[in-house]
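What follows is the content of start12.cif (mmCIF, C-alpha atoms).
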```
data_start
loop_
_atom_site.label_atom_id
_atom_site.label_comp_id
_atom_site.auth_asym_id
_atom_site.auth_seq_id
_atom_site.Cartn_x
_atom_site.Cartn_y
_atom_site.Cartn_z
CA MET A 1 -10.82 -2.07 3.55
CA GLY A 2 -14.38 -3.09 4.13
CA GLU A 3 -17.15 -1.26 2.35
CA ILE A 4 -18.68 -0.06 5.62
CA VAL A 5 -15.40 1.44 6.78
CA PHE A 6 -14.89 3.05 3.37
CA GLN A 7 -18.35 4.62 3.52
CA ALA A 8 -17.78 5.83 7.09
CA ALA A 9 -14.51 7.43 6.03
CA ARG A 10 -16.29 9.15 3.16
CA GLU A 11 -18.97 10.45 5.54
CA LYS A 12 -16.20 11.92 7.71
CA GLY A 13 -14.69 13.66 4.69
CA ILE A 14 -11.73 11.30 4.31
CA LEU A 15 -11.57 11.03 0.55
CA ALA A 16 -9.19 10.29 -2.29
CA SER A 17 -9.37 12.80 -5.10
CA ASP A 18 -9.42 11.78 -8.73
CA ALA A 19 -5.94 13.32 -9.05
CA GLU A 20 -4.64 11.18 -6.18
CA VAL A 21 -6.08 8.05 -7.80
CA ARG A 22 -4.60 8.97 -11.18
CA ASP A 23 -1.18 9.70 -9.68
CA ALA A 24 -1.20 6.42 -7.74
CA ILE A 25 -1.96 4.46 -10.91
CA LEU A 26 0.67 6.33 -12.91
CA GLU A 27 3.27 5.48 -10.25
CA ILE A 28 2.71 1.70 -10.27
CA PRO A 29 6.13 0.34 -11.34
CA TYR A 30 4.67 -2.60 -13.29
CA LEU A 31 2.78 -0.18 -15.51
CA GLN A 32 5.90 1.81 -16.36
CA GLU A 33 8.78 1.42 -18.73
CA ASN A 34 11.81 3.66 -18.28
CA GLY A 35 9.79 5.78 -15.87
CA ARG A 36 6.92 6.30 -18.33
CA PHE A 37 3.37 5.05 -17.88
CA MET A 38 2.45 2.51 -20.55
CA LYS A 39 -1.25 2.52 -21.49
CA ASP A 40 -0.96 -0.87 -23.20
CA ARG A 41 0.37 -2.44 -20.02
CA TYR A 42 -2.46 -0.86 -18.07
CA ARG A 43 -5.07 -2.23 -20.49
CA ASN A 44 -3.46 -5.69 -20.47
CA PHE A 45 -3.28 -5.65 -16.68
CA LEU A 46 -6.99 -4.79 -16.41
CA THR A 47 -7.89 -7.51 -18.93
CA ASN A 48 -5.78 -10.12 -17.13
CA MET A 49 -7.29 -9.19 -13.77
CA ASN A 50 -10.80 -9.10 -15.28
CA LEU A 51 -11.31 -5.54 -14.05
CA THR A 52 -12.84 -2.48 -15.59
CA PRO A 53 -10.93 0.80 -15.18
CA GLU A 54 -13.69 1.91 -12.79
CA ASP A 55 -13.29 -1.21 -10.63
CA PHE A 56 -9.53 -0.78 -10.45
CA GLU A 57 -9.79 2.93 -9.70
CA ARG A 58 -12.21 2.15 -6.87
CA GLN A 59 -9.70 -0.33 -5.41
CA ILE A 60 -6.96 2.30 -5.60
CA ARG A 61 -9.28 4.89 -4.06
CA LYS A 62 -9.97 2.53 -1.15
CA GLN A 63 -6.24 1.96 -0.64
CA ILE A 64 -5.58 5.69 -0.52
CA VAL A 65 -8.44 6.27 1.94
CA SER A 66 -7.18 3.38 4.07
CA GLN A 67 -3.70 4.91 4.14
CA LYS A 68 -5.15 8.29 5.12
CA MET A 69 -7.14 6.68 7.93
CA GLN A 70 -4.05 4.87 9.20
CA GLU A 71 -2.11 8.14 9.18
CA LEU A 72 -4.98 9.83 11.03
CA PHE A 73 -5.06 7.15 13.72
CA VAL A 74 -1.29 7.07 14.11
CA GLY A 75 -1.26 10.85 14.40
CA SER A 76 -4.02 10.84 16.97
CA ALA A 77 -2.20 8.17 19.00
CA ALA A 78 0.80 10.42 19.53
CA PRO A 79 0.90 11.82 23.06
CA THR A 80 0.16 15.49 23.53
CA ARG A 81 2.60 17.84 25.27
CA GLU A 82 0.53 17.63 28.41
CA GLU A 83 0.63 13.83 28.35
CA LEU A 84 4.40 13.83 27.99
#
```

Output the file's structure as structure tokens, nothing else.
Amino acid sequence: MGEIVFQAAREKGILASDAEVRDAILEIPYLQENGRFMKDRYRNFLTNMNLTPEDFERQIRKQIVSQKMQELFVGSAAPTREEL
């Protein structure tokens, strides 16, 4: 998602909460072992990708906002009763 679109979404109140970002990171299969989040894998992943936790969280936040926007547009594209 482009930065301009992300900012426009934020201005419209389409946000990703810190809890949503945390939950999304905790659910990444690569960062889990036997269904448990592994901090060491997370740290290694960030190091290998040359990312800070803040950078990665911002990427996840953008993905969540993008998904919300897609859901909003898909929902608004559905015909109303009157249109049917």

Let me know the residues the PyMOL selection byres ((chain A and resi 69) around 12) catches in the file above, as a PDB file with C-alpha atoms, in the frame of the given file.
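Generated file (result-v7.pdb):
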```pdb
ATOM      1  CA  MET A   1     -10.820  -2.070   3.550  1.00  0.00           C
ATOM      2  CA  VAL A   5     -15.400   1.440   6.780  1.00  0.00           C
ATOM      3  CA  PHE A   6     -14.890   3.050   3.370  1.00  0.00           C
ATOM      4  CA  ALA A   8     -17.780   5.830   7.090  1.00  0.00           C
ATOM      5  CA  ALA A   9     -14.510   7.430   6.030  1.00  0.00           C
ATOM      6  CA  ARG A  10     -16.290   9.150   3.160  1.00  0.00           C
ATOM      7  CA  LYS A  12     -16.200  11.920   7.710  1.00  0.00           C
ATOM      8  CA  GLY A  13     -14.690  13.660   4.690  1.00  0.00           C
ATOM      9  CA  ILE A  14     -11.730  11.300   4.310  1.00  0.00           C
ATOM     10  CA  LEU A  15     -11.570  11.030   0.550  1.00  0.00           C
ATOM     11  CA  ALA A  16      -9.190  10.290  -2.290  1.00  0.00           C
ATOM     12  CA  LYS A  62      -9.970   2.530  -1.150  1.00  0.00           C
ATOM     13  CA  GLN A  63      -6.240   1.960  -0.640  1.00  0.00           C
ATOM     14  CA  ILE A  64      -5.580   5.690  -0.520  1.00  0.00           C
ATOM     15  CA  VAL A  65      -8.440   6.270   1.940  1.00  0.00           C
ATOM     16  CA  SER A  66      -7.180   3.380   4.070  1.00  0.00           C
ATOM     17  CA  GLN A  67      -3.700   4.910   4.140  1.00  0.00           C
ATOM     18  CA  LYS A  68      -5.150   8.290   5.120  1.00  0.00           C
ATOM     19  CA  GLN A  70      -4.050   4.870   9.200  1.00  0.00           C
ATOM     20  CA  GLU A  71      -2.110   8.140   9.180  1.00  0.00           C
ATOM     21  CA  LEU A  72      -4.980   9.830  11.030  1.00  0.00           C
ATOM     22  CA  PHE A  73      -5.060   7.150  13.720  1.00  0.00           C
ATOM     23  CA  VAL A  74      -1.290   7.070  14.110  1.00  0.00           C
ATOM     24  CA  GLY A  75      -1.260  10.850  14.400  1.00  0.00           C
ATOM     25  CA  SER A  76      -4.020  10.840  16.970  1.00  0.00           C
TER      26      SER A  76
END
```

If you count only C-alpha atoms, which residues fall within 12 Å of Pro53 in chain A, apart from same-chain ones fewer than 4 positions away, as an mmCIF file with C-alpha atoms, in the coordinates of the input?
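Saved file around-v4.cif follows:
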```
data_model
loop_
_atom_site.group_PDB
_atom_site.id
_atom_site.type_symbol
_atom_site.label_atom_id
_atom_site.label_comp_id
_atom_site.auth_asym_id
_atom_site.auth_seq_id
_atom_site.Cartn_x
_atom_site.Cartn_y
_atom_site.Cartn_z
ATOM 1 C CA VAL A 21 -6.080 8.050 -7.800
ATOM 2 C CA ARG A 22 -4.600 8.970 -11.180
ATOM 3 C CA ILE A 25 -1.960 4.460 -10.910
ATOM 4 C CA LYS A 39 -1.250 2.520 -21.490
ATOM 5 C CA TYR A 42 -2.460 -0.860 -18.070
ATOM 6 C CA ARG A 43 -5.070 -2.230 -20.490
ATOM 7 C CA ASN A 44 -3.460 -5.690 -20.470
ATOM 8 C CA PHE A 45 -3.280 -5.650 -16.680
ATOM 9 C CA LEU A 46 -6.990 -4.790 -16.410
ATOM 10 C CA THR A 47 -7.890 -7.510 -18.930
ATOM 11 C CA MET A 49 -7.290 -9.190 -13.770
ATOM 12 C CA GLU A 57 -9.790 2.930 -9.700
ATOM 13 C CA ARG A 58 -12.210 2.150 -6.870
ATOM 14 C CA GLN A 59 -9.700 -0.330 -5.410
ATOM 15 C CA ILE A 60 -6.960 2.300 -5.600
ATOM 16 C CA ARG A 61 -9.280 4.890 -4.060
#
```

Can you tell me how far CA of Leu26 in chain A sits from CA of Leu51 in chain A, in Å to one decimal?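 Atom-to-atom, CA of Leu26 in chain A to CA of Leu51 in chain A, that is 16.9 Å.
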
Separation of CA of Ala24 in chain A from CA of Gly2 in chain A in Å: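 Going from CA of Gly2 in chain A over to CA of Ala24 in chain A covers 20.1 Å.
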
For Arg36 in chain A, find every residue with an atom within 10 Å (counting only C-alpha atoms), except residues of its own chain fewer than 4 positions away, and show them as a PyMOL selection string. chain A and resi 26-27+29+31-32

Selection to disk with C-alpha atoms, as a CSV table (one decimal), keeping the file's coordinate frame:
```csv
chain,number,residue,atom,x,y,z
A,26,LEU,CA,0.7,6.3,-12.9
A,27,GLU,CA,3.3,5.5,-10.2
A,29,PRO,CA,6.1,0.3,-11.3
A,31,LEU,CA,2.8,-0.2,-15.5
A,32,GLN,CA,5.9,1.8,-16.4
```

Please, what distance in Å, to one decimal, runs between CA of Asn50 in chain A and CA of Asp18 in chain A? 21.9 Å
